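This is query06.pdb (PDB, C-alpha atoms and all ligand atoms).
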ATOM      1  CA  MET I  14     181.043 166.556 242.716  1.00  0.00           C
ATOM      2  CA  SER I  15     179.149 163.549 244.105  1.00  0.00           C
ATOM      3  CA  ASP I  16     181.018 160.375 245.075  1.00  0.00           C
ATOM      4  CA  VAL I  17     178.125 158.270 243.750  1.00  0.00           C
ATOM      5  CA  MET I  18     178.070 157.421 240.066  1.00  0.00           C
ATOM      6  CA  ILE I  19     175.496 155.332 238.225  1.00  0.00           C
ATOM      7  CA  VAL I  20     176.721 153.789 234.986  1.00  0.00           C
ATOM      8  CA  GLY I  21     173.961 152.757 232.629  1.00  0.00           C
ATOM      9  CA  MET I  22     171.795 153.496 229.631  1.00  0.00           C
ATOM     10  CA  PRO I  23     169.132 156.234 229.710  1.00  0.00           C
ATOM     11  CA  ARG I  24     166.494 153.864 228.363  1.00  0.00           C
ATOM     12  CA  SER I  25     167.428 150.836 230.467  1.00  0.00           C
ATOM     13  CA  ASN I  26     164.571 150.073 232.828  1.00  0.00           C
ATOM     14  CA  LEU I  27     166.946 148.773 235.511  1.00  0.00           C
ATOM     15  CA  THR I  28     169.264 151.765 235.256  1.00  0.00           C
ATOM     16  CA  ARG I  29     166.152 153.858 235.774  1.00  0.00           C
ATOM     17  CA  THR I  30     165.351 151.837 238.914  1.00  0.00           C
ATOM     18  CA  VAL I  31     168.630 152.759 240.600  1.00  0.00           C
ATOM     19  CA  ARG I  32     168.353 156.392 239.495  1.00  0.00           C
ATOM     20  CA  ILE I  33     164.877 156.495 241.042  1.00  0.00           C
ATOM     21  CA  MET I  34     166.330 154.921 244.184  1.00  0.00           C
ATOM     22  CA  CYS I  35     168.961 157.676 244.478  1.00  0.00           C
ATOM     23  CA  LEU I  36     166.344 160.377 243.901  1.00  0.00           C
ATOM     24  CA  GLU I  37     163.898 158.941 246.432  1.00  0.00           C
ATOM     25  CA  LYS I  38     166.763 158.581 248.914  1.00  0.00           C
ATOM     26  CA  GLU I  39     167.675 162.200 248.184  1.00  0.00           C
ATOM     27  CA  ILE I  40     171.351 161.498 247.579  1.00  0.00           C
ATOM     28  CA  PRO I  41     173.339 163.441 245.003  1.00  0.00           C
ATOM     29  CA  PHE I  42     174.661 161.247 242.210  1.00  0.00           C
ATOM     30  CA  GLU I  43     176.017 161.424 238.720  1.00  0.00           C
ATOM     31  CA  PHE I  44     174.677 159.378 235.865  1.00  0.00           C
ATOM     32  CA  THR I  45     176.861 158.424 232.925  1.00  0.00           C
ATOM     33  CA  SER I  46     176.328 156.465 229.715  1.00  0.00           C
ATOM     34  CA  ARG I  47     179.840 157.208 228.513  1.00  0.00           C
ATOM     35  CA  ASN I  48     181.476 154.187 226.858  1.00  0.00           C
ATOM     36  CA  VAL I  49     178.426 152.021 227.596  1.00  0.00           C
ATOM     37  CA  GLN I  50     177.279 149.786 224.744  1.00  0.00           C
ATOM     38  CA  MET I  51     174.224 150.684 222.691  1.00  0.00           C
ATOM     39  CA  PRO I  52     171.245 148.355 223.253  1.00  0.00           C
ATOM     40  CA  GLY I  53     171.730 145.065 221.428  1.00  0.00           C
ATOM     41  CA  GLN I  54     175.506 145.477 221.080  1.00  0.00           C
ATOM     42  CA  SER I  55     178.331 143.653 222.859  1.00  0.00           C
ATOM     43  CA  ALA I  56     179.434 144.899 226.240  1.00  0.00           C
ATOM     44  CA  THR I  57     182.144 147.535 226.051  1.00  0.00           C
ATOM     45  CA  PRO I  58     185.499 147.178 227.835  1.00  0.00           C
ATOM     46  CA  THR I  59     184.366 149.939 230.232  1.00  0.00           C
ATOM     47  CA  VAL I  60     181.252 148.034 231.290  1.00  0.00           C
ATOM     48  CA  LEU I  61     183.141 144.725 231.460  1.00  0.00           C
ATOM     49  CA  ARG I  62     185.743 146.333 233.702  1.00  0.00           C
ATOM     50  CA  HIS I  63     183.003 147.211 236.200  1.00  0.00           C
ATOM     51  CA  ASN I  64     180.827 144.137 235.695  1.00  0.00           C
ATOM     52  CA  PRO I  65     182.297 140.953 234.167  1.00  0.00           C
ATOM     53  CA  PHE I  66     178.760 139.999 233.077  1.00  0.00           C
ATOM     54  CA  GLY I  67     178.651 143.105 230.882  1.00  0.00           C
ATOM     55  CA  LYS I  68     175.370 144.499 232.238  1.00  0.00           C
ATOM     56  CA  VAL I  69     174.213 147.814 233.605  1.00  0.00           C
ATOM     57  CA  PRO I  70     173.386 149.407 235.971  1.00  0.00           C
ATOM     58  CA  VAL I  71     176.634 149.635 237.906  1.00  0.00           C
ATOM     59  CA  LEU I  72     177.062 151.723 241.034  1.00  0.00           C
ATOM     60  CA  ILE I  73     180.426 153.312 241.783  1.00  0.00           C
ATOM     61  CA  HIS I  74     180.659 154.730 245.289  1.00  0.00           C
ATOM     62  CA  GLY I  75     184.188 156.013 245.829  1.00  0.00           C
ATOM     63  CA  SER I  76     186.320 152.915 245.276  1.00  0.00           C
ATOM     64  CA  PHE I  77     183.405 150.514 245.794  1.00  0.00           C
ATOM     65  CA  VAL I  78     181.909 149.065 242.603  1.00  0.00           C
ATOM     66  CA  LEU I  79     178.638 147.118 242.703  1.00  0.00           C
ATOM     67  CA  TYR I  80     176.436 145.530 240.056  1.00  0.00           C
ATOM     68  CA  GLU I  81     172.998 143.875 240.155  1.00  0.00           C
ATOM     69  CA  THR I  82     170.035 146.188 240.570  1.00  0.00           C
ATOM     70  CA  ALA I  83     168.635 144.605 243.744  1.00  0.00           C
ATOM     71  CA  ALA I  84     172.013 144.685 245.486  1.00  0.00           C
ATOM     72  CA  ILE I  85     172.542 148.317 244.451  1.00  0.00           C
ATOM     73  CA  CYS I  86     169.124 149.408 245.735  1.00  0.00           C
ATOM     74  CA  ARG I  87     169.630 147.681 249.090  1.00  0.00           C
ATOM     75  CA  TYR I  88     173.135 149.120 249.424  1.00  0.00           C
ATOM     76  CA  ILE I  89     171.867 152.647 248.811  1.00  0.00           C
ATOM     77  CA  ASP I  90     169.009 152.232 251.246  1.00  0.00           C
ATOM     78  CA  ASP I  91     171.207 150.772 253.998  1.00  0.00           C
ATOM     79  CA  ASN I  92     174.259 152.987 253.649  1.00  0.00           C
ATOM     80  CA  PHE I  93     172.997 156.502 253.100  1.00  0.00           C
ATOM     81  CA  ALA I  94     171.049 158.881 255.263  1.00  0.00           C
ATOM     82  CA  GLY I  95     167.744 159.941 253.794  1.00  0.00           C
ATOM     83  CA  PRO I  96     164.206 158.600 253.754  1.00  0.00           C
ATOM     84  CA  ARG I  97     164.084 154.845 254.296  1.00  0.00           C
ATOM     85  CA  GLN I  98     162.866 153.057 251.149  1.00  0.00           C
ATOM     86  CA  SER I  99     162.087 149.740 252.846  1.00  0.00           C
ATOM     87  CA  PRO I 100     159.648 148.736 255.553  1.00  0.00           C
ATOM     88  CA  VAL I 101     160.762 148.067 259.131  1.00  0.00           C
ATOM     89  CA  LYS I 102     158.653 145.100 260.259  1.00  0.00           C
ATOM     90  CA  ALA I 103     159.973 141.607 259.522  1.00  0.00           C
ATOM     91  CA  GLU I 104     156.904 140.418 257.612  1.00  0.00           C
ATOM     92  CA  LYS I 105     156.870 143.476 255.396  1.00  0.00           C
ATOM     93  CA  ILE I 106     160.607 143.208 254.755  1.00  0.00           C
ATOM     94  CA  ALA I 107     160.058 139.590 253.739  1.00  0.00           C
ATOM     95  CA  ARG I 108     157.187 140.613 251.456  1.00  0.00           C
ATOM     96  CA  MET I 109     159.352 143.322 249.924  1.00  0.00           C
ATOM     97  CA  ASN I 110     162.130 140.796 249.302  1.00  0.00           C
ATOM     98  CA  GLN I 111     159.635 138.443 247.683  1.00  0.00           C
ATOM     99  CA  TRP I 112     158.618 141.152 245.196  1.00  0.00           C
ATOM    100  CA  ILE I 113     162.201 142.267 244.587  1.00  0.00           C
ATOM    101  CA  SER I 114     163.072 138.696 243.747  1.00  0.00           C
ATOM    102  CA  LEU I 115     160.048 138.254 241.482  1.00  0.00           C
ATOM    103  CA  ALA I 116     160.646 141.590 239.779  1.00  0.00           C
ATOM    104  CA  MET I 117     164.239 140.708 238.962  1.00  0.00           C
ATOM    105  CA  THR I 118     163.858 137.027 238.084  1.00  0.00           C
ATOM    106  CA  ARG I 119     160.406 136.863 236.535  1.00  0.00           C
ATOM    107  CA  LEU I 120     158.781 140.183 235.658  1.00  0.00           C
ATOM    108  CA  ASP I 121     161.883 141.697 234.043  1.00  0.00           C
ATOM    109  CA  GLN I 122     162.270 138.551 231.942  1.00  0.00           C
ATOM    110  CA  ASN I 123     158.601 138.230 231.025  1.00  0.00           C
ATOM    111  CA  ILE I 124     157.876 141.876 230.283  1.00  0.00           C
ATOM    112  CA  ILE I 125     161.164 143.380 229.089  1.00  0.00           C
ATOM    113  CA  ARG I 126     163.478 140.598 227.828  1.00  0.00           C
ATOM    114  CA  LYS I 127     160.872 138.287 226.219  1.00  0.00           C
ATOM    115  CA  PHE I 128     158.236 140.806 225.101  1.00  0.00           C
ATOM    116  CA  VAL I 129     159.343 144.435 224.771  1.00  0.00           C
ATOM    117  CA  ILE I 130     162.892 143.844 223.487  1.00  0.00           C
ATOM    118  CA  PRO I 131     162.011 141.165 220.878  1.00  0.00           C
ATOM    119  CA  MET I 132     159.221 143.375 219.517  1.00  0.00           C
ATOM    120  CA  VAL I 133     161.294 146.536 219.428  1.00  0.00           C
ATOM    121  CA  PHE I 134     164.284 144.867 217.773  1.00  0.00           C
ATOM    122  CA  ALA I 135     162.422 142.507 215.419  1.00  0.00           C
ATOM    123  CA  ASP I 136     163.149 143.232 211.773  1.00  0.00           C
ATOM    124  CA  HIS I 137     160.458 143.476 209.110  1.00  0.00           C
ATOM    125  CA  GLN I 138     160.722 139.782 208.202  1.00  0.00           C
ATOM    126  CA  GLN I 139     160.435 138.572 211.800  1.00  0.00           C
ATOM    127  CA  ARG I 140     157.492 140.838 212.449  1.00  0.00           C
ATOM    128  CA  HIS I 141     155.606 139.161 209.616  1.00  0.00           C
ATOM    129  CA  ASP I 142     156.576 135.632 210.652  1.00  0.00           C
ATOM    130  CA  PRO I 143     153.540 133.775 212.093  1.00  0.00           C
ATOM    131  CA  ALA I 144     155.826 131.868 214.501  1.00  0.00           C
ATOM    132  CA  PHE I 145     157.036 135.169 215.932  1.00  0.00           C
ATOM    133  CA  ALA I 146     153.440 136.380 216.368  1.00  0.00           C
ATOM    134  CA  THR I 147     152.554 133.134 218.153  1.00  0.00           C
ATOM    135  CA  GLN I 148     155.527 133.487 220.460  1.00  0.00           C
ATOM    136  CA  ILE I 149     154.618 137.100 221.293  1.00  0.00           C
ATOM    137  CA  ASN I 150     150.975 136.212 221.873  1.00  0.00           C
ATOM    138  CA  GLN I 151     151.974 133.419 224.250  1.00  0.00           C
ATOM    139  CA  GLN I 152     154.236 135.827 226.076  1.00  0.00           C
ATOM    140  CA  ALA I 153     151.371 138.334 226.327  1.00  0.00           C
ATOM    141  CA  ASP I 154     149.275 135.653 228.048  1.00  0.00           C
ATOM    142  CA  ILE I 155     152.065 135.077 230.578  1.00  0.00           C
ATOM    143  CA  ILE I 156     152.264 138.819 231.233  1.00  0.00           C
ATOM    144  CA  ARG I 157     148.486 139.009 231.713  1.00  0.00           C
ATOM    145  CA  HIS I 158     148.787 136.279 234.324  1.00  0.00           C
ATOM    146  CA  ASP I 159     151.647 138.052 236.098  1.00  0.00           C
ATOM    147  CA  LEU I 160     149.734 141.334 236.072  1.00  0.00           C
ATOM    148  CA  SER I 161     146.683 139.674 237.612  1.00  0.00           C
ATOM    149  CA  VAL I 162     148.851 138.453 240.500  1.00  0.00           C
ATOM    150  CA  LEU I 163     150.375 141.915 240.838  1.00  0.00           C
ATOM    151  CA  ASN I 164     146.898 143.421 240.885  1.00  0.00           C
ATOM    152  CA  GLU I 165     146.126 141.546 244.113  1.00  0.00           C
ATOM    153  CA  ALA I 166     149.417 142.665 245.624  1.00  0.00           C
ATOM    154  CA  TYR I 167     148.715 146.308 244.771  1.00  0.00           C
ATOM    155  CA  CYS I 168     145.352 146.336 246.600  1.00  0.00           C
ATOM    156  CA  ASP I 169     146.718 148.706 249.281  1.00  0.00           C
ATOM    157  CA  GLY I 170     148.372 151.063 246.798  1.00  0.00           C
ATOM    158  CA  TRP I 171     151.847 149.644 246.257  1.00  0.00           C
ATOM    159  CA  ALA I 172     153.523 146.206 246.231  1.00  0.00           C
ATOM    160  CA  VAL I 173     154.119 146.335 249.991  1.00  0.00           C
ATOM    161  CA  GLY I 174     151.222 148.208 251.586  1.00  0.00           C
ATOM    162  CA  ASP I 175     150.700 151.907 251.133  1.00  0.00           C
ATOM    163  CA  ARG I 176     154.342 152.980 250.735  1.00  0.00           C
ATOM    164  CA  PHE I 177     156.353 153.264 247.541  1.00  0.00           C
ATOM    165  CA  THR I 178     159.307 150.906 248.125  1.00  0.00           C
ATOM    166  CA  ILE I 179     162.117 149.214 246.195  1.00  0.00           C
ATOM    167  CA  PRO I 180     159.992 146.674 244.242  1.00  0.00           C
ATOM    168  CA  ASP I 181     157.803 149.506 242.943  1.00  0.00           C
ATOM    169  CA  MET I 182     160.942 151.217 241.646  1.00  0.00           C
ATOM    170  CA  MET I 183     161.640 148.017 239.705  1.00  0.00           C
ATOM    171  CA  ILE I 184     158.154 147.196 238.484  1.00  0.00           C
ATOM    172  CA  MET I 185     156.877 150.647 237.447  1.00  0.00           C
ATOM    173  CA  PRO I 186     159.615 151.313 234.832  1.00  0.00           C
ATOM    174  CA  MET I 187     158.760 147.915 233.286  1.00  0.00           C
ATOM    175  CA  LEU I 188     155.108 148.966 233.043  1.00  0.00           C
ATOM    176  CA  HIS I 189     156.161 152.200 231.362  1.00  0.00           C
ATOM    177  CA  TYR I 190     157.546 150.086 228.503  1.00  0.00           C
ATOM    178  CA  LEU I 191     154.603 147.719 228.478  1.00  0.00           C
ATOM    179  CA  ASN I 192     152.261 150.687 228.174  1.00  0.00           C
ATOM    180  CA  VAL I 193     153.801 151.801 224.872  1.00  0.00           C
ATOM    181  CA  MET I 194     153.684 148.369 223.254  1.00  0.00           C
ATOM    182  CA  PRO I 195     150.766 147.231 221.068  1.00  0.00           C
ATOM    183  CA  GLY I 196     148.165 145.763 223.431  1.00  0.00           C
ATOM    184  CA  GLY I 197     149.977 147.087 226.516  1.00  0.00           C
ATOM    185  CA  PRO I 198     147.419 149.737 227.558  1.00  0.00           C
ATOM    186  CA  GLU I 199     144.647 147.135 227.266  1.00  0.00           C
ATOM    187  CA  MET I 200     146.608 144.757 229.520  1.00  0.00           C
ATOM    188  CA  LEU I 201     146.959 147.524 232.109  1.00  0.00           C
ATOM    189  CA  ASP I 202     143.287 148.475 231.837  1.00  0.00           C
ATOM    190  CA  ASP I 203     142.429 144.965 233.059  1.00  0.00           C
ATOM    191  CA  VAL I 204     144.353 145.449 236.331  1.00  0.00           C
ATOM    192  CA  PRO I 205     142.964 148.610 237.984  1.00  0.00           C
ATOM    193  CA  ASN I 206     145.114 148.503 241.135  1.00  0.00           C
ATOM    194  CA  VAL I 207     148.278 148.249 239.061  1.00  0.00           C
ATOM    195  CA  LEU I 208     147.078 150.930 236.643  1.00  0.00           C
ATOM    196  CA  ASP I 209     146.273 153.291 239.506  1.00  0.00           C
ATOM    197  CA  ALA I 210     149.750 152.713 240.992  1.00  0.00           C
ATOM    198  CA  TYR I 211     151.286 153.354 237.581  1.00  0.00           C
ATOM    199  CA  HIS I 212     149.473 156.700 237.280  1.00  0.00           C
ATOM    200  CA  ARG I 213     150.645 157.689 240.767  1.00  0.00           C
ATOM    201  CA  PHE I 214     154.181 156.622 239.866  1.00  0.00           C
ATOM    202  CA  LYS I 215     154.116 158.897 236.812  1.00  0.00           C
ATOM    203  CA  GLY I 216     153.223 161.786 239.114  1.00  0.00           C
ATOM    204  CA  ARG I 217     156.337 161.324 241.257  1.00  0.00           C
ATOM    205  CA  SER I 218     159.256 163.664 240.793  1.00  0.00           C
ATOM    206  CA  SER I 219     161.685 160.711 240.613  1.00  0.00           C
ATOM    207  CA  ALA I 220     159.676 159.262 237.709  1.00  0.00           C
ATOM    208  CA  ALA I 221     159.552 162.587 235.854  1.00  0.00           C
ATOM    209  CA  GLN I 222     163.291 163.169 236.308  1.00  0.00           C
ATOM    210  CA  THR I 223     164.135 159.725 234.868  1.00  0.00           C
ATOM    211  CA  ASP I 224     161.467 159.580 232.152  1.00  0.00           C
ATOM    212  CA  PRO I 225     162.984 157.800 229.124  1.00  0.00           C
ATOM    213  CA  LEU I 226     160.734 159.986 226.914  1.00  0.00           C
ATOM    214  CA  LEU I 227     159.368 157.148 224.834  1.00  0.00           C
ATOM    215  CA  PRO I 228     157.070 157.815 221.899  1.00  0.00           C
ATOM    216  CA  GLU I 229     153.435 157.262 222.873  1.00  0.00           C
ATOM    217  CA  GLN I 230     153.499 153.968 221.025  1.00  0.00           C
ATOM    218  CA  ILE I 231     156.746 152.317 219.987  1.00  0.00           C
ATOM    219  CA  LEU I 232     155.213 150.072 217.340  1.00  0.00           C
ATOM    220  CA  LYS I 233     151.946 150.527 215.520  1.00  0.00           C
ATOM    221  CA  SER I 234     151.222 146.787 215.561  1.00  0.00           C
ATOM    222  CA  ALA I 235     152.939 143.550 216.562  1.00  0.00           C
TER     223      ALA I 235
HETATM  224  N1  LIG D   1     170.604 141.016 236.643  1.00  0.00           N
HETATM  225  C1  LIG D   1     171.011 142.329 236.165  1.00  0.00           C
HETATM  226  C2  LIG D   1     170.399 142.514 234.797  1.00  0.00           C
HETATM  227  C3  LIG D   1     170.903 143.795 234.160  1.00  0.00           C
HETATM  228  C4  LIG D   1     170.455 143.936 232.709  1.00  0.00           C
HETATM  229  O1  LIG D   1     169.927 143.007 232.055  1.00  0.00           O
HETATM  230  N2  LIG D   1     170.684 145.138 232.195  1.00  0.00           N
HETATM  231  C5  LIG D   1     170.395 145.448 230.831  1.00  0.00           C
HETATM  232  C6  LIG D   1     169.815 146.854 230.738  1.00  0.00           C
HETATM  233  S1  LIG D   1     168.258 147.002 231.580  1.00  0.00           S
HETATM  234  C7  LIG D   1     171.707 145.455 230.057  1.00  0.00           C
HETATM  235  O2  LIG D   1     172.765 145.692 230.603  1.00  0.00           O
HETATM  236  N3  LIG D   1     171.617 145.241 228.753  1.00  0.00           N
HETATM  237  C8  LIG D   1     172.738 145.404 227.906  1.00  0.00           C
HETATM  238  C9  LIG D   1     173.309 144.138 227.394  1.00  0.00           C
HETATM  239  O3  LIG D   1     172.777 143.064 227.687  1.00  0.00           O
HETATM  240  O4  LIG D   1     174.305 144.245 226.652  1.00  0.00           O
HETATM  241  C10 LIG D   1     170.549 143.379 237.174  1.00  0.00           C
HETATM  242  O5  LIG D   1     169.670 143.107 237.980  1.00  0.00           O
HETATM  243  O6  LIG D   1     171.104 144.485 237.184  1.00  0.00           O
END
The structure given in the file should be rewritten as structure tokens.
Ligand SMILES: N[C@@H](CCC(=O)N[C@@H](CS)C(=O)NCC(=O)O)C(=O)O
Amino acid sequence: MSDVMIVGMPRSNLTRTVRIMCLEKEIPFEFTSRNVQMPGQSATPTVLRHNPFGKVPVLIHGSFVLYETAAICRYIDDNFAGPRQSPVKAEKIARMNQWISLAMTRLDQNIIRKFVIPMVFADHQQRHDPAFATQINQQADIIRHDLSVLNEAYCDGWAVGDRFTIPDMMIMPMLHYLNVMPGGPEMLDDVPNVLDAYHRFKGRSSAAQTDPLLPEQILKSA
């Protein structure tokens, strides 16, 4: 039995990030969704016991409990043997930290929390409300802007040069969701460097092993 446990939801993009991290680092781990809330529901006592903010993923390593995706990824990279998932040179480390920060504070909000989740959970009435459509269209414009910035960053293959590192583990699962939303594939078609990285990500074993198996398109139209 492994002494590393990831607590999360199979379809949570951030839970997927830390599972990918463990796989890329080649460390054995267990993944559990037991007693974790369903999406959109209140945090369960189990999750709250591990994380007072009620969010997943949570890492349990022996008696050490850690929450926040970025902190978990850095902890795994720094404390386990296995292939290093971060660069070595100071400038590249700084660049990696810049993208980790942006992925967690901006991209996750703009793509997942303000675009994917509202569309997936909108009821029939909301979906036919012009104000909702306006809000989603405005959000799509923000995402297009963010993707155009990412496209420059991905000019050498990944967010930080030619190696798959921690920010890619954060960003690629977000793009997986974007790609199954109405208009998502078109947004990705406009950013060839990002699209190419996304295709290469899908070819990785860590991506295949954590695939949330989404339908090809979650919604027919917004
Ligand atoms: N800042 C947290 C955010 C975690 C987060 O938002 N997790 C989502 C799943 S991807 C969650 O727990 N949602 C369930 C809920 O809000 O009840 C991190 O980086 O780990």
query: For Phe44 of chain I, which residue out of I:Pro65, I:Gly75, I:Pro70, I:Pro58 is the nearest one, using all atoms listed in the file?
result: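 When distances to Phe44 of chain I are compared using all atoms listed in the file, the smallest one comes from I:Pro70.
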Set out as a tab-separated table a contact list for chain I and ligand LIG 1 (chain D) with a cut-off of 9 Å, giving each residue of chain I that qualifies its closest atom pair and distance in Å to one decimal, counting all atoms listed in the file, ordered by chain and rising residue number.
residue	atom	partner	partner_atom	distance
I:Gly21	CA	D:LIG1	O2	7.4
I:Met22	CA	D:LIG1	C6	7.0
I:Arg24	CA	D:LIG1	S1	7.8
I:Ser25	CA	D:LIG1	S1	4.1
I:Asn26	CA	D:LIG1	S1	5.0
I:Leu27	CA	D:LIG1	S1	4.5
I:Thr28	CA	D:LIG1	S1	6.1
I:Arg29	CA	D:LIG1	S1	8.3
I:Val49	CA	D:LIG1	C8	8.7
I:Gln50	CA	D:LIG1	O4	6.6
I:Met51	CA	D:LIG1	O4	7.6
I:Pro52	CA	D:LIG1	C8	5.7
I:Gly53	CA	D:LIG1	O4	5.9
I:Gln54	CA	D:LIG1	O4	5.8
I:Ser55	CA	D:LIG1	O4	5.6
I:Ala56	CA	D:LIG1	O4	5.2
I:Thr57	CA	D:LIG1	O4	8.5
I:Val60	CA	D:LIG1	O2	8.8
I:Phe66	CA	D:LIG1	O3	8.6
I:Gly67	CA	D:LIG1	O4	6.2
I:Lys68	CA	D:LIG1	O2	3.3
I:Val69	CA	D:LIG1	O2	4.0
I:Pro70	CA	D:LIG1	O6	5.6
I:Val71	CA	D:LIG1	O6	7.6
I:Tyr80	CA	D:LIG1	O6	6.1
I:Glu81	CA	D:LIG1	O6	3.6
I:Thr82	CA	D:LIG1	O6	3.9
I:Ala83	CA	D:LIG1	O5	6.0
I:Ala84	CA	D:LIG1	O5	8.0
I:Ile85	CA	D:LIG1	O6	8.3
I:Met117	CA	D:LIG1	O5	6.0
I:Thr118	CA	D:LIG1	N1	8.0
I:Asp121	CA	D:LIG1	O1	8.4
I:Gln122	CA	D:LIG1	O1	8.9
I:Ile125	CA	D:LIG1	S1	8.3
I:Arg126	CA	D:LIG1	O1	8.1
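With atom CA of Arg32 of chain I on one side and atom CA of Arg108 of chain I on the other, the separation reads 22.7 Å.
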- prompt: Between atom CA of Met185 of chain I and atom CA of Asp224 of chain I, what is the spacing in Å?
  reply: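 These atoms are spaced 11.4 Å apart.
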Taking the file as shown, find all residues satisfying the PyMOL selection byres (((chain I and resi 74) around 12) and not hetatm) and write them as a PDB file with C-alpha atoms, in the coordinates of the input.
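Output saved as expr.pdb:
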ATOM      1  CA  SER I  15     179.149 163.549 244.105  1.00  0.00           C
ATOM      2  CA  ASP I  16     181.018 160.375 245.075  1.00  0.00           C
ATOM      3  CA  VAL I  17     178.125 158.270 243.750  1.00  0.00           C
ATOM      4  CA  MET I  18     178.070 157.421 240.066  1.00  0.00           C
ATOM      5  CA  ILE I  19     175.496 155.332 238.225  1.00  0.00           C
ATOM      6  CA  VAL I  20     176.721 153.789 234.986  1.00  0.00           C
ATOM      7  CA  ILE I  40     171.351 161.498 247.579  1.00  0.00           C
ATOM      8  CA  PRO I  41     173.339 163.441 245.003  1.00  0.00           C
ATOM      9  CA  PHE I  42     174.661 161.247 242.210  1.00  0.00           C
ATOM     10  CA  GLU I  43     176.017 161.424 238.720  1.00  0.00           C
ATOM     11  CA  VAL I  71     176.634 149.635 237.906  1.00  0.00           C
ATOM     12  CA  LEU I  72     177.062 151.723 241.034  1.00  0.00           C
ATOM     13  CA  ILE I  73     180.426 153.312 241.783  1.00  0.00           C
ATOM     14  CA  GLY I  75     184.188 156.013 245.829  1.00  0.00           C
ATOM     15  CA  SER I  76     186.320 152.915 245.276  1.00  0.00           C
ATOM     16  CA  PHE I  77     183.405 150.514 245.794  1.00  0.00           C
ATOM     17  CA  VAL I  78     181.909 149.065 242.603  1.00  0.00           C
ATOM     18  CA  LEU I  79     178.638 147.118 242.703  1.00  0.00           C
ATOM     19  CA  TYR I  80     176.436 145.530 240.056  1.00  0.00           C
ATOM     20  CA  ILE I  85     172.542 148.317 244.451  1.00  0.00           C
ATOM     21  CA  TYR I  88     173.135 149.120 249.424  1.00  0.00           C
ATOM     22  CA  ILE I  89     171.867 152.647 248.811  1.00  0.00           C
ATOM     23  CA  ASN I  92     174.259 152.987 253.649  1.00  0.00           C
ATOM     24  CA  PHE I  93     172.997 156.502 253.100  1.00  0.00           C
TER      25      PHE I  93
END
